[in-house]
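Novice: Structure file my_file25.txt (compact mmCIF, C-alpha atoms) right here:
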```txt
# COMPACT_ATOMS: atom_id res chain seq x y z
CA MET A 28 -48.68 53.09 -8.46
CA ARG A 29 -45.96 52.78 -11.10
CA PHE A 30 -43.39 53.91 -8.58
CA ARG A 31 -44.50 51.20 -6.13
CA ARG A 32 -44.20 48.56 -8.84
CA PHE A 33 -40.74 49.81 -9.68
CA VAL A 34 -39.67 49.59 -6.02
CA VAL A 35 -41.05 46.05 -5.70
CA VAL A 36 -39.32 44.86 -8.88
CA LEU A 37 -36.05 46.49 -7.85
CA SER A 38 -36.26 44.87 -4.41
CA VAL A 39 -36.86 41.43 -5.90
CA LEU A 40 -33.95 41.79 -8.31
CA THR A 41 -31.62 43.02 -5.57
CA THR A 42 -32.60 40.16 -3.27
CA THR A 43 -32.11 37.62 -6.07
CA VAL A 44 -28.63 38.93 -6.85
CA LEU A 45 -27.62 38.93 -3.18
CA LEU A 46 -28.87 35.37 -2.67
CA TYR A 47 -26.99 34.22 -5.76
CA LEU A 48 -23.75 35.82 -4.55
CA LEU A 49 -24.21 34.31 -1.08
CA HIS A 50 -24.80 30.90 -2.64
CA GLN A 51 -21.59 31.17 -4.68
CA ILE A 52 -19.58 32.14 -1.61
CA LEU A 53 -20.93 29.20 0.40
CA LYS A 54 -20.17 26.79 -2.43
CA ARG A 55 -16.61 28.04 -2.65
CA ARG A 56 -16.12 27.54 1.09
CA ASN A 57 -16.85 23.86 0.70
CA GLY A 58 -14.61 23.36 -2.30
CA ASP A 59 -15.75 23.79 -5.88
CA THR A 60 -18.74 22.16 -7.50
CA PHE A 61 -18.53 19.61 -10.29
CA ASN A 62 -19.99 21.96 -12.87
CA LYS A 63 -17.97 25.03 -11.99
CA SER A 64 -14.45 24.45 -10.75
CA ILE A 65 -11.05 26.07 -11.06
CA PHE A 66 -10.68 24.15 -14.34
CA THR A 67 -12.02 25.84 -17.46
CA PRO A 68 -14.56 24.03 -19.68
CA ARG A 69 -12.07 23.77 -22.56
CA GLU A 70 -9.59 21.81 -20.46
CA SER A 71 -9.63 18.03 -20.19
CA PRO A 72 -11.47 16.69 -17.12
CA PRO A 73 -9.45 16.32 -13.91
CA LEU A 74 -8.38 13.05 -12.34
CA TYR A 75 -10.94 12.40 -9.61
CA VAL A 76 -9.73 10.81 -6.36
CA ALA A 77 -12.46 9.76 -3.92
CA VAL A 78 -11.98 8.99 -0.24
CA VAL A 79 -14.27 8.41 2.74
CA VAL A 80 -13.29 9.56 6.24
CA CYS A 81 -14.88 9.08 9.64
CA GLY A 82 -13.62 9.07 13.18
CA GLN A 83 -9.94 9.87 13.67
CA ARG A 84 -8.82 9.38 10.07
CA MET A 85 -8.67 13.01 8.95
CA GLN A 86 -4.88 13.29 9.28
CA GLU A 87 -4.40 10.15 7.21
CA VAL A 88 -6.50 11.64 4.43
CA LEU A 89 -4.52 14.87 4.47
CA VAL A 90 -1.24 12.94 4.25
CA MET A 91 -2.68 10.90 1.37
CA ILE A 92 -3.64 14.08 -0.49
CA LYS A 93 -0.22 15.57 0.21
CA SER A 94 1.47 12.49 -1.24
CA ALA A 95 -0.62 12.83 -4.42
CA LEU A 96 0.41 16.48 -4.77
CA LEU A 97 4.02 15.72 -3.88
CA PHE A 98 4.37 13.23 -6.74
CA ASN A 99 2.26 15.26 -9.17
CA SER A 100 5.37 16.51 -10.93
CA SER A 101 3.59 17.10 -14.26
CA ARG A 102 0.92 19.19 -12.48
CA GLU A 103 -2.00 17.08 -13.69
CA LYS A 104 -5.37 18.47 -12.68
CA LEU A 105 -6.50 16.59 -9.56
CA TYR A 106 -9.93 16.78 -7.96
CA PHE A 107 -10.43 15.23 -4.52
CA LEU A 108 -13.93 14.09 -3.57
CA ILE A 109 -13.99 13.79 0.21
CA PHE A 110 -16.95 12.15 1.94
CA ALA A 111 -16.73 13.16 5.59
CA GLU A 112 -18.60 13.61 8.82
CA GLU A 113 -19.97 17.11 9.24
CA ARG A 114 -17.72 17.83 12.22
CA LEU A 115 -14.64 17.44 9.98
CA MET A 116 -15.78 19.76 7.19
CA ILE A 117 -14.43 23.05 8.53
CA SER A 118 -10.97 21.66 9.32
CA PHE A 119 -10.68 20.00 5.92
CA ASN A 120 -11.81 23.16 4.18
CA GLU A 121 -9.29 25.38 5.96
CA LYS A 122 -6.31 23.10 5.37
CA LEU A 123 -7.08 22.32 1.73
CA ASN A 124 -7.72 25.96 0.87
CA ASP A 125 -4.31 26.77 2.36
CA TRP A 126 -2.74 24.09 0.17
CA ARG A 127 -4.63 25.26 -2.89
CA ALA A 128 -2.97 28.65 -2.51
CA ILE A 129 0.37 26.84 -2.85
CA ARG A 130 -0.58 24.20 -5.43
CA SER A 131 -3.24 25.57 -7.75
CA GLU A 132 -3.52 22.47 -9.94
CA PHE A 133 -5.95 20.73 -7.58
CA ASP A 134 -9.46 21.28 -6.36
CA PHE A 135 -11.72 19.48 -3.92
CA ARG A 136 -15.25 19.01 -2.82
CA LEU A 137 -16.51 18.01 0.61
CA LEU A 138 -19.59 15.81 0.56
CA PRO A 139 -21.82 14.47 3.34
CA LEU A 140 -22.06 10.75 3.99
CA GLN A 141 -24.97 9.21 2.10
CA PHE A 142 -26.36 5.72 2.68
CA PRO A 143 -29.67 4.04 1.81
CA VAL A 144 -32.30 5.67 4.01
CA ASN A 145 -33.95 2.47 5.24
CA SER A 146 -30.69 0.92 6.45
CA GLU A 147 -28.33 3.84 7.04
CA ARG A 148 -27.01 2.74 10.44
CA GLU A 149 -26.35 -0.81 9.22
CA TRP A 150 -24.37 0.34 6.18
CA ARG A 151 -22.55 3.07 8.11
CA ASN A 152 -21.14 0.54 10.57
CA LEU A 153 -20.32 -2.27 8.14
CA PHE A 154 -16.73 -3.38 8.88
CA LYS A 155 -15.14 0.06 9.52
CA PRO A 156 -17.18 3.23 10.08
CA CYS A 157 -18.36 4.62 6.74
CA ALA A 158 -16.20 2.30 4.63
CA ALA A 159 -19.26 1.04 2.74
CA GLN A 160 -19.87 4.52 1.34
CA ARG A 161 -17.75 3.58 -1.68
CA LEU A 162 -20.40 1.04 -2.74
CA PHE A 163 -22.81 3.89 -3.51
CA LEU A 164 -20.50 6.24 -5.42
CA PRO A 165 -21.97 5.48 -8.87
CA SER A 166 -25.34 7.01 -7.94
CA ILE A 167 -23.98 9.79 -5.72
CA LEU A 168 -21.40 11.01 -8.26
CA GLU A 169 -23.87 10.93 -11.11
CA THR A 170 -22.04 13.58 -13.18
CA VAL A 171 -18.58 12.00 -12.80
CA ASP A 172 -17.46 9.53 -15.46
CA ALA A 173 -14.57 7.85 -13.61
CA ALA A 174 -12.78 8.05 -10.26
CA LEU A 175 -9.97 6.48 -8.28
CA TYR A 176 -11.20 5.39 -4.86
CA VAL A 177 -8.60 4.97 -2.12
CA ASP A 178 -8.76 4.02 1.55
CA THR A 179 -7.52 6.62 4.03
CA ASP A 180 -4.34 4.61 4.73
CA ILE A 181 -2.98 4.97 1.20
CA LEU A 182 0.10 6.91 0.05
CA PHE A 183 1.07 7.69 -3.51
CA LEU A 184 4.70 6.98 -4.38
CA SER A 185 4.08 7.81 -8.03
CA PRO A 186 1.86 10.27 -9.95
CA VAL A 187 -1.90 9.65 -9.85
CA ALA A 188 -1.75 9.76 -13.65
CA ASP A 189 0.31 6.56 -13.57
CA ILE A 190 -2.47 4.42 -12.11
CA TRP A 191 -5.14 6.37 -14.03
CA LYS A 192 -3.71 5.05 -17.31
CA PHE A 193 -5.22 1.63 -16.58
CA PHE A 194 -8.62 3.00 -17.57
CA LYS A 195 -7.35 2.92 -21.14
CA SER A 196 -6.51 -0.76 -20.73
CA PHE A 197 -10.09 -1.74 -19.88
CA ASN A 198 -11.84 -3.83 -22.49
CA GLY A 199 -15.42 -3.11 -23.51
CA THR A 200 -16.97 -4.90 -20.51
CA GLN A 201 -14.70 -4.01 -17.56
CA ILE A 202 -16.07 -1.53 -15.01
CA ALA A 203 -13.39 -1.46 -12.30
CA ALA A 204 -9.78 -2.35 -11.51
CA LEU A 205 -8.33 -3.86 -8.33
CA SER A 206 -5.16 -5.64 -7.19
CA PRO A 207 -5.01 -9.18 -5.80
CA GLU A 208 -5.43 -9.67 -2.07
CA HIS A 209 -2.45 -12.04 -2.05
CA GLU A 210 0.25 -13.33 -4.35
CA ASP A 211 0.96 -16.57 -2.43
CA ALA A 212 -1.73 -19.16 -1.75
CA ASN A 213 0.17 -20.42 1.30
CA VAL A 214 -0.57 -17.20 3.19
CA GLY A 215 -3.74 -16.11 1.38
CA TRP A 216 -6.73 -15.16 3.48
CA TYR A 217 -9.68 -15.75 1.18
CA ASN A 218 -8.59 -19.19 -0.02
CA ARG A 219 -8.09 -20.35 3.59
CA PHE A 220 -10.78 -18.61 5.61
CA ALA A 221 -13.53 -17.02 3.51
CA ARG A 222 -17.07 -18.33 4.04
CA HIS A 223 -18.38 -16.84 0.81
CA PRO A 224 -17.42 -16.73 -2.91
CA TYR A 225 -14.54 -14.45 -3.93
CA TYR A 226 -12.81 -13.31 -7.10
CA GLY A 227 -10.14 -15.51 -8.67
CA PRO A 228 -7.90 -17.89 -6.75
CA LEU A 229 -6.96 -15.47 -3.93
CA GLY A 230 -9.51 -12.64 -3.91
CA VAL A 231 -8.91 -8.92 -4.42
CA ASN A 232 -8.09 -6.05 -2.07
CA SER A 233 -10.41 -3.04 -2.37
CA GLY A 234 -8.18 -0.36 -0.84
CA VAL A 235 -7.24 1.06 -4.26
CA MET A 236 -10.02 0.87 -6.83
CA LEU A 237 -10.40 2.41 -10.26
CA MET A 238 -14.10 2.91 -10.94
CA ASN A 239 -15.62 3.59 -14.35
CA LEU A 240 -18.72 5.12 -12.81
CA THR A 241 -20.56 5.48 -16.10
CA ARG A 242 -20.24 1.75 -16.82
CA MET A 243 -21.09 0.89 -13.22
CA ARG A 244 -24.33 2.83 -13.51
CA GLU A 245 -25.14 1.05 -16.78
CA PHE A 246 -24.35 -2.28 -15.06
CA LYS A 247 -26.79 -1.30 -12.27
CA TRP A 248 -24.08 -1.83 -9.68
CA GLU A 249 -26.09 -0.91 -6.60
CA GLU A 250 -29.02 -3.11 -7.59
CA LYS A 251 -26.59 -6.04 -7.47
CA VAL A 252 -24.80 -4.98 -4.27
CA LEU A 253 -27.91 -4.89 -2.07
CA PRO A 254 -29.03 -8.51 -2.68
CA ILE A 255 -25.47 -9.74 -2.11
CA TYR A 256 -25.39 -8.02 1.27
CA LYS A 257 -28.75 -9.48 2.29
CA GLU A 258 -27.69 -13.01 1.37
CA TYR A 259 -24.16 -13.01 2.79
CA LYS A 260 -24.16 -10.42 5.60
CA LEU A 261 -23.69 -13.01 8.35
CA ARG A 262 -20.63 -14.42 6.56
CA LEU A 263 -18.78 -11.16 5.85
CA THR A 264 -15.50 -10.47 7.62
CA TRP A 265 -14.08 -7.54 5.66
CA GLY A 266 -17.36 -5.75 4.95
CA ASP A 267 -17.50 -3.89 1.65
CA GLN A 268 -14.38 -5.66 0.36
CA ASP A 269 -16.11 -9.02 0.77
CA ILE A 270 -19.19 -7.71 -1.06
CA ILE A 271 -16.98 -6.55 -3.94
CA ASN A 272 -15.28 -9.94 -4.06
CA ILE A 273 -18.62 -11.75 -4.18
CA LEU A 274 -19.91 -9.48 -6.95
CA PHE A 275 -16.84 -10.03 -9.12
CA TYR A 276 -16.97 -13.76 -8.45
CA TYR A 277 -20.27 -13.76 -10.30
CA HIS A 278 -19.16 -11.12 -12.85
CA SER A 279 -15.43 -11.78 -13.25
CA GLU A 280 -15.44 -10.41 -16.79
CA LYS A 281 -16.20 -6.96 -15.36
CA LEU A 282 -12.92 -6.65 -13.44
CA TYR A 283 -9.48 -5.54 -14.61
CA LEU A 284 -6.63 -6.83 -12.42
CA MET A 285 -3.80 -4.40 -11.58
CA PRO A 286 -0.28 -5.45 -10.49
CA CYS A 287 0.52 -5.62 -6.79
CA GLU A 288 2.78 -2.52 -6.88
CA TYR A 289 -0.36 -0.38 -7.16
CA ASN A 290 -1.58 -1.62 -3.77
CA TYR A 291 1.57 -2.65 -1.91
CA ARG A 292 0.83 -3.88 1.63
CA PRO A 293 2.78 -5.31 4.59
CA ASP A 294 1.65 -8.80 3.57
CA HIS A 295 3.80 -8.46 0.46
CA CYS A 296 7.03 -8.29 2.47
CA MET A 297 6.55 -9.18 6.14
CA TYR A 298 7.47 -12.86 5.69
CA MET A 299 9.21 -12.74 2.33
CA ASN A 300 9.03 -10.56 -0.76
CA ILE A 301 6.08 -11.88 -2.78
CA CYS A 302 5.47 -8.82 -4.98
CA ASN A 303 8.09 -8.40 -7.70
CA VAL A 304 8.42 -4.62 -8.07
CA SER A 305 12.18 -4.30 -8.65
CA ALA A 306 11.75 -3.13 -12.25
CA ASP A 307 9.24 -0.34 -11.75
CA GLY A 308 9.19 0.36 -8.02
CA ILE A 309 6.25 0.62 -5.63
CA LYS A 310 3.58 2.94 -7.05
CA VAL A 311 0.98 3.04 -4.27
CA ILE A 312 1.62 1.85 -0.72
CA HIS A 313 -1.15 0.72 1.63
CA GLY A 314 -0.54 0.77 5.37
CA ASN A 315 -3.56 -1.34 6.24
CA ARG A 316 -4.20 -2.74 9.70
CA GLY A 317 -2.55 0.33 11.25
CA TYR A 318 0.95 -0.27 9.86
CA PHE A 319 1.52 3.44 9.20
CA HIS A 320 1.27 3.97 12.97
CA SER A 321 3.00 0.91 14.43
CA ASN A 322 6.51 -0.48 14.64
CA LYS A 323 5.65 -3.97 13.39
CA GLN A 324 7.25 -3.16 10.04
CA PRO A 325 8.82 0.29 10.63
CA LEU A 326 9.37 0.93 6.92
CA PHE A 327 5.67 1.78 6.55
CA ARG A 328 5.63 4.21 9.45
CA THR A 329 8.82 5.88 8.21
CA ILE A 330 7.35 6.55 4.77
CA TYR A 331 4.16 7.94 6.29
CA GLU A 332 6.07 10.25 8.63
CA ALA A 333 8.30 11.48 5.79
CA VAL A 334 5.26 12.58 3.79
CA GLU A 335 3.53 13.99 6.86
CA SER A 336 6.59 16.08 7.80
CA TYR A 337 7.09 17.52 4.32
CA GLN A 338 5.57 20.98 3.82
CA LEU A 339 4.08 21.73 0.41
CA GLY A 340 6.11 24.37 -1.38
CA GLN A 341 9.43 23.18 0.01
CA ASN A 342 12.14 21.68 -2.20
CA GLU A 343 11.08 18.06 -2.70
CA TYR A 344 14.61 16.72 -3.01
CA ASN A 345 16.09 18.38 0.07
CA GLU A 346 13.03 18.27 2.34
CA PHE A 347 11.46 14.94 1.39
CA LEU A 348 13.72 12.61 -0.58
CA VAL A 349 16.99 13.14 1.34
CA PRO A 350 15.38 12.74 4.80
CA LEU A 351 13.51 9.64 3.61
CA ARG A 352 16.67 8.06 2.21
CA GLU A 353 18.45 8.63 5.51
CA ALA A 354 15.54 7.34 7.59
CA LEU A 355 15.30 4.12 5.57
CA GLN A 356 18.94 3.37 6.39
CA ASP A 357 18.09 3.02 10.08
CA PRO A 358 19.32 -0.43 11.28
CA VAL A 359 15.91 -1.02 12.87
CA ILE A 360 14.37 -0.89 9.38
CA VAL A 361 17.21 -2.57 7.49
CA LYS A 362 17.04 -5.74 9.59
CA THR A 363 13.33 -6.29 8.92
CA ASN A 364 11.97 -8.21 5.95
CA CYS A 365 10.12 -5.17 4.63
CA GLY A 366 13.27 -3.09 5.05
CA LYS A 367 14.74 -5.07 2.17
CA ILE A 368 12.47 -3.31 -0.32
CA SER A 369 13.65 0.22 0.56
CA LYS A 370 15.15 0.66 -2.92
CA ASP A 371 11.78 -0.15 -4.45
CA VAL A 372 10.17 2.54 -2.28
CA LEU A 373 12.66 5.13 -3.51
CA LEU A 374 12.85 4.12 -7.16
CA ILE A 375 10.25 6.54 -8.57
CA ALA A 376 11.09 9.33 -6.10
CA ASN A 377 14.72 9.20 -7.22
CA LYS A 378 13.60 9.74 -10.82
CA VAL A 379 11.01 12.42 -10.08
CA PHE A 380 12.92 14.58 -7.63
CA GLN A 381 16.56 14.15 -8.62
CA LYS A 382 16.14 16.64 -11.48
CA GLN A 383 14.74 19.27 -9.18
CA PHE A 384 17.73 19.40 -6.85
CA VAL A 385 19.29 22.83 -6.61
CA GLY A 386 22.70 22.64 -5.01
CA PRO A 387 24.62 25.40 -3.27
CA ALA A 388 25.93 28.21 -5.45
```
Please re-express this file's structure in structure tokens.
Specialist:
Amino acid sequence: MRFRRFVVVLSVLTTTVLLYLLHQILKRRNGDTFNKSIFTPRESPPLYVAVVVCGQRMQEVLVMIKSALLFNSSREKLYFLIFAEERLMISFNEKLNDWRAIRSEFDFRLLPLQFPVNSEREWRNLFKPCAAQRLFLPSILETVDAALYVDTDILFLSPVADIWKFFKSFNGTQIAALSPEHEDANVGWYNRFARHPYYGPLGVNSGVMLMNLTRMREFKWEEKVLPIYKEYKLRLTWGDQDIINILFYYHSEKLYLMPCEYNYRPDHCMYMNICNVSADGIKVIHGNRGYFHSNKQPLFRTIYEAVESYQLGQNEYNEFLVPLREALQDPVIVKTNCGKISKDVLLIANKVFQKQFVGPA
């Protein structure tokens, strides 16, 4: 009888250990968890970057992540939170694990898309597929204090730590930071066409958004988002961005406004230069409306392709900066209005990578 009990107890313990080990392996395959990552508990928390990807946007997200790693010269700890369709999970996992073997200062987690159960299809298809996911990050990322949300068509031209510093500039009431939608009222969209309230004189663009998730939860962000959608849904053009504009119209004291160089878009240069970045350069560039993949303003496509072509682990000066400098001198780019800000594109890269150049012996 005692022997049987011993066998049963041993079997239970063995099964428990095996299940635990299997669980740890499966977690590692999908990137690390929030509570146990490659970063030790004694270290300061990483800089969280959140992105949502559906459809054919996987490559854009990978290029965005590569740009963040490329400019992460101080090797800050970065943690990418990637909300993606299930069919994309395996490909993301394979590529990012390969990169993690080269650049160990970052980690990632793949998460499923999560929308309110009673209206999932409606939220999933608001404006662009899955774009509204960002509205529900405060409750989904309940253990994360703060995060930088970016659209898929974003590239970093400066360290993530540079934009992250704005969190320290928040006053006691501010919960998020965004950049203006426009700098010139003559070509502004919201002041000319919006059929709903919006923040400030020209609205804000939501493609790059610092989110103090702890404060947003205390503010009961989602409880305010849902009524706004119900009231204005027939008047929304830009989906979640419009909802964010409406919310901050009513709660303007909750928003910190960042300079335009942290969300630089074709609208800033396609007619004339309306974003003064000559002193500090362009920090984050946003190829919205497909500009990373079109020839309307070829400067944007050239920058995207330079980052896409660069292989992590290569010399940044020789394999990224020099080819980009040469490409931006193309007469096709130089003659365009946006081509005139090429120096602003290169300003931070020249500082970051010039030191790392290793010439011939």
Novice: What gap, in Å, lies between atom CA of A:Gly234 and atom CA of A:Ile129?
Specialist: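 We find that atom CA of A:Gly234 and atom CA of A:Ile129 lie 28.6 Å from each other.
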Novice: Work out how far atom CA of A:Asn315 is from atom CA of A:Ala354, in Å to one decimal.
Specialist: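 The value is 21.0 Å.
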Novice: Report, in Å to a single decimal, how far apart atom CA of A:Phe327 and atom CA of A:His209 are.
Specialist: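 Separating atom CA of A:His209 from atom CA of A:Phe327 is a distance of 18.2 Å.
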Novice: I want to know what sits within 6 Å of stretch 197-206 of chain A, based on only C-alpha atoms, with residues of the same chain fewer than 4 positions away left out; could you give that as a compact mmCIF listing (two decimals) with C-alpha atoms, in the coordinates of the input?
Specialist:
```txt
# COMPACT_ATOMS: atom_id res chain seq x y z
CA VAL A 231 -8.91 -8.92 -4.42
CA ASN A 232 -8.09 -6.05 -2.07
CA MET A 236 -10.02 0.87 -6.83
CA LEU A 237 -10.40 2.41 -10.26
CA MET A 238 -14.10 2.91 -10.94
CA ASN A 239 -15.62 3.59 -14.35
CA ARG A 242 -20.24 1.75 -16.82
CA MET A 243 -21.09 0.89 -13.22
CA LYS A 281 -16.20 -6.96 -15.36
CA LEU A 282 -12.92 -6.65 -13.44
CA TYR A 283 -9.48 -5.54 -14.61
CA LEU A 284 -6.63 -6.83 -12.42
CA MET A 285 -3.80 -4.40 -11.58
CA PRO A 286 -0.28 -5.45 -10.49
CA CYS A 287 0.52 -5.62 -6.79
```
Novice: Check which residues of stretch 158-246 of chain A sit at most 12 Å from stretch 362-380 of chain A using all atoms listed in the file, and return one row each with the closest pair of atoms and their distance in Å to one decimal, ordered by chain and rising number, as CSV.
Specialist:
```
residue,atom,partner,partner_atom,distance
A:Leu182,CA,A:Val372,CA,11.2
A:Phe183,CA,A:Ala376,CA,10.5
A:Leu184,CA,A:Ile375,CA,7.0
A:Ser185,CA,A:Ile375,CA,6.3
A:Pro186,CA,A:Ile375,CA,9.3
A:Asp189,CA,A:Ile375,CA,11.1
```
Novice: With only C-alpha atoms as the basis for distance, which of A:Asp180, A:Glu132, A:Glu208, A:Asp269 is at the shortest distance from A:Gly317?
Specialist: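 With only C-alpha atoms as the atom set, the closest residue is A:Asp180.
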Novice: Would you kindly return, as a ChimeraX atom specification, each protein, DNA or RNA residue with an atom no farther than 8 Å from any atom of stretch 146-162 of chain A, considering all atoms listed in the file and excluding same-chain residues fewer than 3 positions away?
Specialist: /A:79-82,140-143,165,176,249,252,264-267
Novice: Between A:Tyr318, A:Phe193, A:Tyr331, A:Tyr337, which is the closest to A:Tyr289 once you count all atoms listed in the file?
Specialist: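 Distance minimum relative to A:Tyr289 lands on A:Phe193.
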Novice: Kindly indicate which residue among A:Ile255, A:Leu137, A:Leu123, A:Leu240 lies nearest to A:Ile271, using all atoms listed in the file for the distances.
Specialist: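 Of all the options, A:Ile255 lies closest to A:Ile271.
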Novice: Using only C-alpha atoms, pick whichever of A:Leu339, A:Arg222, A:Ala173, A:Glu210 has the shortest atom-to-atom distance to A:Asn303.
Specialist: A:Glu210
Novice: Around (4.3, 26.5, -2.5) in the file's frame, which residues reach within 10 Å when counting all atoms listed in the file? Return as a list of chain:residue names?
Specialist: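 The distance filter leaves exactly A:Asp125, A:Trp126, A:Arg127, A:Ala128, A:Ile129, A:Arg130, A:Ser131, A:Gln338, A:Leu339, A:Gly340, A:Gln341, A:Asn342.
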Novice: Would you mind telling me which residue in A:Tyr259, A:Tyr298, A:Phe107, A:Tyr344 lies nearest to A:Val78 when using all atoms listed in the file?
Specialist: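 With all atoms listed in the file as the atom set, the closest residue is A:Phe107.
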Novice: Nearest to A:Pro207 among A:Leu74, A:Met297, A:Cys302, A:Leu355, with distances taken over all atoms listed in the file: which residue is it?
Specialist: A:Cys302
